[in-house]
Amino acid sequence: MSPEALNSFFAIFIGFAIAGALTSGFQALMEKPPGFGLLMQEAGAKAFAAVPFLVFAAPFIIMRNTVRGRTLEGRRVQFVAMATVIAGFWSMMSGTFVLMLLGAIA
């Protein structure tokens, strides 16, 4: 396996780990699961503050909603595969950002 592919997989894993940690922390503090409805709050500081949180928590939220949609609504496998690719790419981008940030700090 090439170093570039290994780095991409590591970025995906880091992105999903950060997304899961943020989502779990939010749920522990607020006692409700986060979702994209956070953007629909009153047009002010709350909605604006939700954007950075959702940027990093989105892969977990997308996968949670996709799995729930598949089991409860019986969504097609093609939709699940497309959502998985989107969440994986998003996770890779956020994981790459976190790794670059850690590299800049160290």
# chains A, B, ... in the order shown; residues from 1 in each chain; ligands from 1

$ residues_around --residues "Ile12 in chain A" --least-positions-apart "6" --cutoff "9 Å" --atoms "only C-alpha atoms" --output "compact mmCIF listing (two decimals) with N, CA and C atoms, in the first residue's frame"
# COMPACT_ATOMS: atom_id res chain seq x y z
N GLY A 88 -17.77 9.55 3.67
CA GLY A 88 -16.36 9.19 3.68
C GLY A 88 -15.48 10.29 3.13
N PHE A 89 -15.92 10.91 2.03
CA PHE A 89 -15.14 12.01 1.47
C PHE A 89 -15.11 13.20 2.42
N TRP A 90 -16.26 13.51 3.02
CA TRP A 90 -16.33 14.60 3.99
C TRP A 90 -15.42 14.32 5.18
N SER A 91 -15.43 13.07 5.63
CA SER A 91 -14.58 12.67 6.75
C SER A 91 -13.10 12.80 6.38
N MET A 92 -12.76 12.44 5.14
CA MET A 92 -11.37 12.56 4.71
C MET A 92 -10.93 14.02 4.69
N MET A 93 -11.80 14.90 4.25
CA MET A 93 -11.44 16.32 4.20
C MET A 93 -11.29 16.90 5.61
N SER A 94 -12.21 16.58 6.50
CA SER A 94 -12.09 17.11 7.86
C SER A 94 -10.92 16.46 8.59
N GLY A 95 -10.67 15.18 8.34
CA GLY A 95 -9.51 14.52 8.94
C GLY A 95 -8.20 15.09 8.43
N THR A 96 -8.15 15.43 7.14
CA THR A 96 -6.96 16.06 6.58
C THR A 96 -6.72 17.42 7.23

$ residues_around --residues "Ala87 in chain A" --least-positions-apart "6" --cutoff "9 Å" --atoms "only C-alpha atoms" --output "ChimeraX atom specification"
/A:16,58-63

$ atom_distance --atom1 "CA of Ala17 in chain A" --atom2 "CA of Ala57 in chain A"
9.5 Å

$ closest_residue --among "A:Gly103, A:Phe79, A:Leu54, A:Thr23" --to "Gly37 in chain A" --atoms "only C-alpha atoms"
A:Leu54

$ closest_residue --among "A:Gly15, A:Pro33, A:Pro3, A:Gly20" --to "Phe97 in chain A" --atoms "only C-alpha atoms"
A:Gly15

$ closest_residue --among "A:Ala49, A:Ile14, A:Val80, A:Met100" --to "Arg64 in chain A" --atoms "only C-alpha atoms"
A:Val80
